[in-house]
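Structure file start-v5.tsv; described as TSV, C-alpha atoms.
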chain	number	residue	atom	x	y	z
A	26	MET	CA	81.67	144.87	172.55
A	27	THR	CA	78.80	142.47	171.98
A	28	ALA	CA	78.49	138.76	172.66
A	29	GLY	CA	78.08	137.55	169.06
A	30	PRO	CA	81.69	137.95	167.87
A	31	LEU	CA	83.03	136.73	171.22
A	32	LEU	CA	81.37	133.33	170.86
A	33	ASP	CA	83.48	132.71	167.74
A	34	ARG	CA	86.74	134.15	169.10
A	35	ARG	CA	89.55	132.23	170.83
A	36	ILE	CA	89.55	133.35	174.46
A	37	ARG	CA	91.76	131.94	177.22
A	38	TRP	CA	89.83	132.36	180.46
A	39	GLU	CA	91.40	132.82	183.91
A	40	THR	CA	90.08	130.87	186.90
A	41	THR	CA	88.68	133.09	189.66
A	42	GLY	CA	88.27	130.55	192.46
A	43	ASP	CA	84.63	131.69	192.84
A	44	PRO	CA	82.22	128.77	192.25
A	45	ARG	CA	79.38	131.08	191.11
A	46	GLU	CA	81.58	133.16	188.75
A	47	PRO	CA	84.45	130.81	187.91
A	48	HIS	CA	86.02	132.46	184.82
A	49	ARG	CA	87.09	135.98	183.84
A	50	VAL	CA	89.34	137.72	181.37
A	51	THR	CA	90.21	141.29	180.39
A	52	LEU	CA	89.82	141.70	176.66
A	53	ASP	CA	90.11	144.92	174.66
A	54	GLY	CA	89.97	146.90	177.92
A	55	GLN	CA	86.76	145.28	179.13
A	56	THR	CA	86.22	142.69	181.85
A	57	LEU	CA	84.38	139.57	180.75
A	58	LEU	CA	82.96	137.25	183.38
A	59	ILE	CA	81.21	133.89	183.22
A	60	ARG	CA	78.45	133.27	185.76
A	61	LEU	CA	76.97	129.82	186.30
A	62	GLY	CA	73.18	129.54	186.26
A	63	GLU	CA	70.78	127.26	188.10
A	64	PHE	CA	70.54	124.76	185.26
A	65	PRO	CA	68.03	123.60	183.93
A	66	ALA	CA	65.79	126.43	185.16
A	67	GLU	CA	68.32	128.97	183.86
A	68	ALA	CA	70.96	128.93	181.17
A	69	LEU	CA	74.10	127.08	182.26
A	70	TYR	CA	76.37	130.07	181.46
A	71	THR	CA	75.84	133.83	181.51
A	72	LEU	CA	78.38	136.16	179.90
A	73	LEU	CA	78.80	139.56	181.51
A	74	ILE	CA	80.82	142.43	180.08
A	75	ASP	CA	81.78	145.08	182.62
A	76	GLY	CA	79.00	143.80	184.89
A	77	GLU	CA	76.20	143.77	182.31
A	78	VAL	CA	74.57	140.57	181.05
A	79	VAL	CA	75.10	140.24	177.29
A	80	ALA	CA	74.40	136.54	176.60
A	81	GLU	CA	73.12	133.32	178.09
A	82	PHE	CA	73.99	129.91	176.66
A	83	ASP	CA	74.21	126.22	177.59
A	84	ALA	CA	77.15	125.00	175.48
A	85	TRP	CA	80.69	126.23	176.13
A	86	PRO	CA	82.01	127.76	172.86
A	87	ALA	CA	84.53	125.50	171.11
A	88	LEU	CA	87.19	128.23	170.79
A	89	TRP	CA	87.11	129.21	174.46
A	90	VAL	CA	89.84	127.71	176.66
A	91	ARG	CA	89.14	127.21	180.38
Show me, as structure tokens, the structure contained in the file I just sent.
Amino acid sequence: MTAGPLLDRRIRWETTGDPREPHRVTLDGQTLLIRLGEFPAEALYTLLIDGEVVAEFDAWPALWVR
């Protein structure tokens, strides 16, 4: 799984309770996690799939539900 198609896919994220990594979901057998960056020095959001960084972005995708 790569980040590109995920940015345009409806995803309903679960809240983790962790302020550094506040959202996660299991999708197609893989664990996706959102990590918050030290904005503006870093991207606001980092997407990890099974622990590996696959994308960094500053705007929350319109189809993603928190």
Near Arg37 (chain A), within 8 Å and counting only C-alpha atoms, which residues show up once chain neighbours fewer than 3 positions away are dropped, as a PDB file with C-alpha atoms, in the coordinates of the input?
ATOM      1  CA  VAL A  50      89.340 137.720 181.370  1.00  0.00           C
ATOM      2  CA  TRP A  89      87.110 129.210 174.460  1.00  0.00           C
ATOM      3  CA  VAL A  90      89.840 127.710 176.660  1.00  0.00           C
ATOM      4  CA  ARG A  91      89.140 127.210 180.380  1.00  0.00           C
TER       5      ARG A  91
END
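Using only C-alpha atoms, the contacts of region 69-78 of chain A at a cut-off of 8 Å, with sequence neighbours closer than 3 positions omitted, comprise A:Met26, A:Ala28, A:Gln55, A:Thr56, A:Leu57, A:Leu58, A:Ile59, A:Arg60, A:Leu61, A:Gly62, A:Glu63, A:Phe64, A:Pro65, A:Glu81, A:Phe82, A:Asp83, A:Ala84, A:Trp85.
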Residues from the last selection, C-alpha atoms, saved as a PDB file, in the frame of the given file:
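Okay, part-v1.pdb is ready:
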ATOM      1  CA  MET A  26      81.670 144.870 172.550  1.00  0.00           C
ATOM      2  CA  ALA A  28      78.490 138.760 172.660  1.00  0.00           C
ATOM      3  CA  GLN A  55      86.760 145.280 179.130  1.00  0.00           C
ATOM      4  CA  THR A  56      86.220 142.690 181.850  1.00  0.00           C
ATOM      5  CA  LEU A  57      84.380 139.570 180.750  1.00  0.00           C
ATOM      6  CA  LEU A  58      82.960 137.250 183.380  1.00  0.00           C
ATOM      7  CA  ILE A  59      81.210 133.890 183.220  1.00  0.00           C
ATOM      8  CA  ARG A  60      78.450 133.270 185.760  1.00  0.00           C
ATOM      9  CA  LEU A  61      76.970 129.820 186.300  1.00  0.00           C
ATOM     10  CA  GLY A  62      73.180 129.540 186.260  1.00  0.00           C
ATOM     11  CA  GLU A  63      70.780 127.260 188.100  1.00  0.00           C
ATOM     12  CA  PHE A  64      70.540 124.760 185.260  1.00  0.00           C
ATOM     13  CA  PRO A  65      68.030 123.600 183.930  1.00  0.00           C
ATOM     14  CA  GLU A  81      73.120 133.320 178.090  1.00  0.00           C
ATOM     15  CA  PHE A  82      73.990 129.910 176.660  1.00  0.00           C
ATOM     16  CA  ASP A  83      74.210 126.220 177.590  1.00  0.00           C
ATOM     17  CA  ALA A  84      77.150 125.000 175.480  1.00  0.00           C
ATOM     18  CA  TRP A  85      80.690 126.230 176.130  1.00  0.00           C
TER      19      TRP A  85
END
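In this model, the gap between CA of Pro30 (chain A) and CA of Gly42 (chain A) comes to 26.5 Å.
CA of Ala66 (chain A) is found 24.8 Å from CA of Thr40 (chain A).
We find CA of Asp43 (chain A) and CA of Glu67 (chain A) to be spaced 18.8 Å apart.
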Just so I have it separately, write region 30-47 of chain A from the block I sent, keeping N, CA and C atoms, as a compact mmCIF listing (two decimals), in the first residue's frame.
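After the write, out.txt holds the following:
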# COMPACT_ATOMS: atom_id res chain seq x y z
N PRO A 30 -2.95 6.68 -3.22
CA PRO A 30 -4.37 6.33 -3.26
C PRO A 30 -5.08 6.58 -1.92
N LEU A 31 -4.36 6.50 -0.82
CA LEU A 31 -4.98 6.70 0.49
C LEU A 31 -5.44 8.13 0.71
N LEU A 32 -4.75 9.08 0.11
CA LEU A 32 -5.10 10.49 0.29
C LEU A 32 -6.44 10.82 -0.36
N ASP A 33 -6.86 10.00 -1.32
CA ASP A 33 -8.13 10.21 -2.01
C ASP A 33 -9.17 9.15 -1.64
N ARG A 34 -8.98 8.47 -0.54
CA ARG A 34 -9.89 7.40 -0.11
C ARG A 34 -10.56 7.81 1.20
N ARG A 35 -11.84 7.49 1.34
CA ARG A 35 -12.55 7.79 2.60
C ARG A 35 -12.02 6.85 3.67
N ILE A 36 -11.48 7.43 4.73
CA ILE A 36 -10.95 6.66 5.85
C ILE A 36 -11.52 7.25 7.13
N ARG A 37 -12.06 6.40 7.98
CA ARG A 37 -12.58 6.82 9.29
C ARG A 37 -11.52 6.42 10.32
N TRP A 38 -10.84 7.40 10.85
CA TRP A 38 -9.74 7.20 11.79
C TRP A 38 -10.26 6.99 13.21
N GLU A 39 -9.55 6.17 13.98
CA GLU A 39 -9.82 5.96 15.40
C GLU A 39 -8.90 6.87 16.21
N THR A 40 -9.39 7.37 17.34
CA THR A 40 -8.58 8.19 18.23
C THR A 40 -7.77 7.28 19.14
N THR A 41 -6.47 7.58 19.29
CA THR A 41 -5.59 6.74 20.10
C THR A 41 -5.45 7.23 21.54
N GLY A 42 -5.68 8.52 21.77
CA GLY A 42 -5.43 9.08 23.09
C GLY A 42 -3.99 9.53 23.28
N ASP A 43 -3.15 9.30 22.27
CA ASP A 43 -1.74 9.70 22.30
C ASP A 43 -1.60 11.04 21.58
N PRO A 44 -1.16 12.10 22.26
CA PRO A 44 -1.09 13.41 21.61
C PRO A 44 -0.08 13.48 20.46
N ARG A 45 0.94 12.66 20.47
CA ARG A 45 1.95 12.67 19.38
C ARG A 45 1.48 11.86 18.17
N GLU A 46 0.73 10.78 18.42
CA GLU A 46 0.22 9.91 17.36
C GLU A 46 -1.28 9.71 17.61
N PRO A 47 -2.08 10.72 17.27
CA PRO A 47 -3.48 10.74 17.72
C PRO A 47 -4.48 9.90 16.93
